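Working notes, structure below.
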Amino acid sequence: MARYRLSIHISPRRGILDPQGQAVSDALHSLGFPEVRDVRVGRYLVAEVDAATPDAARAQATAMCEKLLANPVTEDFAIAAVEPA
């Protein structure tokens, strides 16, 4: 059994209202960044898990997101990295 570090990104789905993202976008425009078109504010999580293989660690991360970490109705998630810890 090895320990793996998981990097997980969770963000609002397209089409879901993101007031925090809109506020950041508006602030960037007022600070002189008119080229910004869309901002989505989400969460970035890092977790360490014990697993037999990197694929098993990725499967654990997916199950954790589906059961708790991400709201399946309003959020998408991506497992950005699975690395030895």
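The way I read the labels, and the way they are meant: chains A, B, ... in the order of the structure tokens, residue 1 as the first residue of every chain, and ligand 1 as the first ligand shown, with later ones counted on from there.
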
Residues within 9 Å of Asp76 of chain A, please, as a PyMOL selection string. Count only C-alpha atoms; anything in the same chain fewer than 4 positions from it doesn't count.
chain A and resi 9-14+70-72

For segment 30-46 of chain A, list every protein, DNA or RNA residue within 7 Å, evaluated using only C-alpha atoms, and leave out those in the same chain fewer than 3 positions away; present the list as a JSON list (two decimals) with C-alpha atoms, in the first residue's frame.
```
[["chain", "number", "residue", "atom", "x", "y", "z"],
["A", 5, "ARG", "CA", -1.55, 12.95, -3.05],
["A", 6, "LEU", "CA", -4.72, 13.85, -4.95],
["A", 7, "SER", "CA", -5.35, 17.26, -6.49],
["A", 8, "ILE", "CA", -9.03, 17.91, -7.13],
["A", 9, "HIS", "CA", -10.70, 20.89, -8.81],
["A", 10, "ILE", "CA", -14.41, 21.54, -8.22],
["A", 11, "SER", "CA", -16.19, 24.29, -10.13],
["A", 12, "PRO", "CA", -19.73, 25.44, -10.85],
["A", 18, "ASP", "CA", -21.89, 31.99, -10.05],
["A", 20, "GLN", "CA", -18.79, 35.10, -6.69],
["A", 21, "GLY", "CA", -17.29, 34.58, -10.15],
["A", 22, "GLN", "CA", -19.31, 37.52, -11.49],
["A", 24, "VAL", "CA", -14.44, 38.78, -9.41],
["A", 25, "SER", "CA", -15.00, 39.42, -13.12],
["A", 26, "ASP", "CA", -16.49, 42.86, -12.40],
["A", 27, "ALA", "CA", -13.61, 43.72, -10.07]]
```

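When the distance limit is 10 Å and only C-alpha atoms are what count, the residues near Gln60 of chain A, minus those fewer than 4 positions from it on the same chain, are Leu6, Val49, Asp50, Ala51, Pro54, Asp55, Ala56, Met64, Cys65 and Glu66 of chain A.
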
Would you write out those residues with N, CA and C atoms, as a PDB file, in the first residue's frame?
```pdb
ATOM      1  N   LEU A   6      -3.701  13.570  -3.936  1.00  0.00           N
ATOM      2  CA  LEU A   6      -4.719  13.851  -4.953  1.00  0.00           C
ATOM      3  C   LEU A   6      -4.938  15.352  -5.046  1.00  0.00           C
ATOM      4  N   VAL A  49      -4.273   9.818   0.308  1.00  0.00           N
ATOM      5  CA  VAL A  49      -4.963   8.561   0.551  1.00  0.00           C
ATOM      6  C   VAL A  49      -3.975   7.411   0.417  1.00  0.00           C
ATOM      7  N   ASP A  50      -4.274   6.320   1.094  1.00  0.00           N
ATOM      8  CA  ASP A  50      -3.514   5.087   0.931  1.00  0.00           C
ATOM      9  C   ASP A  50      -4.243   4.230  -0.095  1.00  0.00           C
ATOM     10  N   ALA A  51      -3.491   3.733  -1.079  1.00  0.00           N
ATOM     11  CA  ALA A  51      -4.086   2.898  -2.128  1.00  0.00           C
ATOM     12  C   ALA A  51      -3.005   1.984  -2.698  1.00  0.00           C
ATOM     13  N   PRO A  54      -1.935   3.922  -8.382  1.00  0.00           N
ATOM     14  CA  PRO A  54      -2.465   5.251  -8.723  1.00  0.00           C
ATOM     15  C   PRO A  54      -3.902   5.192  -9.256  1.00  0.00           C
ATOM     16  N   ASP A  55      -4.226   4.151 -10.021  1.00  0.00           N
ATOM     17  CA  ASP A  55      -5.599   4.017 -10.523  1.00  0.00           C
ATOM     18  C   ASP A  55      -6.593   3.818  -9.384  1.00  0.00           C
ATOM     19  N   ALA A  56      -6.198   3.064  -8.365  1.00  0.00           N
ATOM     20  CA  ALA A  56      -7.070   2.865  -7.199  1.00  0.00           C
ATOM     21  C   ALA A  56      -7.247   4.178  -6.442  1.00  0.00           C
ATOM     22  N   MET A  64     -15.118   9.880  -3.765  1.00  0.00           N
ATOM     23  CA  MET A  64     -15.262  10.936  -2.753  1.00  0.00           C
ATOM     24  C   MET A  64     -15.982  12.144  -3.338  1.00  0.00           C
ATOM     25  N   CYS A  65     -15.649  12.513  -4.574  1.00  0.00           N
ATOM     26  CA  CYS A  65     -16.309  13.653  -5.216  1.00  0.00           C
ATOM     27  C   CYS A  65     -17.771  13.362  -5.475  1.00  0.00           C
ATOM     28  N   GLU A  66     -18.059  12.166  -5.953  1.00  0.00           N
ATOM     29  CA  GLU A  66     -19.448  11.811  -6.261  1.00  0.00           C
ATOM     30  C   GLU A  66     -20.316  11.711  -5.020  1.00  0.00           C
TER      31      GLU A  66
END
```

DSSP strand (DSSP E) selection over chain A, as a PyMOL selection string
chain A and resi 2-12+43-51+75-84

Members of chain A assigned alpha helix (DSSP H) by DSSP, as a PyMOL selection string
chain A and resi 19-30+54-64

Writer output for current selection, C-alpha atoms, as a PDB file, in the first residue's frame:
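This went into result_29.pdb:
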```
ATOM      1  CA  PRO A  19     -22.285  35.305  -8.173  1.00  0.00           C
ATOM      2  CA  GLN A  20     -18.795  35.097  -6.692  1.00  0.00           C
ATOM      3  CA  GLY A  21     -17.287  34.583 -10.147  1.00  0.00           C
ATOM      4  CA  GLN A  22     -19.307  37.518 -11.490  1.00  0.00           C
ATOM      5  CA  ALA A  23     -18.059  39.741  -8.646  1.00  0.00           C
ATOM      6  CA  VAL A  24     -14.442  38.783  -9.408  1.00  0.00           C
ATOM      7  CA  SER A  25     -15.002  39.421 -13.116  1.00  0.00           C
ATOM      8  CA  ASP A  26     -16.491  42.860 -12.400  1.00  0.00           C
ATOM      9  CA  ALA A  27     -13.609  43.722 -10.068  1.00  0.00           C
ATOM     10  CA  LEU A  28     -11.035  42.697 -12.678  1.00  0.00           C
ATOM     11  CA  HIS A  29     -12.768  44.903 -15.254  1.00  0.00           C
ATOM     12  CA  SER A  30     -12.705  47.863 -12.873  1.00  0.00           C
ATOM     13  CA  PRO A  54      -2.465   5.251  -8.723  1.00  0.00           C
ATOM     14  CA  ASP A  55      -5.599   4.017 -10.523  1.00  0.00           C
ATOM     15  CA  ALA A  56      -7.070   2.865  -7.199  1.00  0.00           C
ATOM     16  CA  ALA A  57      -6.269   6.279  -5.683  1.00  0.00           C
ATOM     17  CA  ARG A  58      -7.987   8.001  -8.637  1.00  0.00           C
ATOM     18  CA  ALA A  59     -11.027   5.752  -8.166  1.00  0.00           C
ATOM     19  CA  GLN A  60     -11.155   6.737  -4.485  1.00  0.00           C
ATOM     20  CA  ALA A  61     -10.977  10.425  -5.440  1.00  0.00           C
ATOM     21  CA  THR A  62     -13.805  10.002  -7.934  1.00  0.00           C
ATOM     22  CA  ALA A  63     -15.968   8.217  -5.353  1.00  0.00           C
ATOM     23  CA  MET A  64     -15.262  10.936  -2.753  1.00  0.00           C
TER      24      MET A  64
END
```

I need the residue nearest Tyr4 of chain A from this list: A:Val73, A:Ile79, A:Ala47, A:Ile16. Use only C-alpha atoms for the distance.
A:Ala47
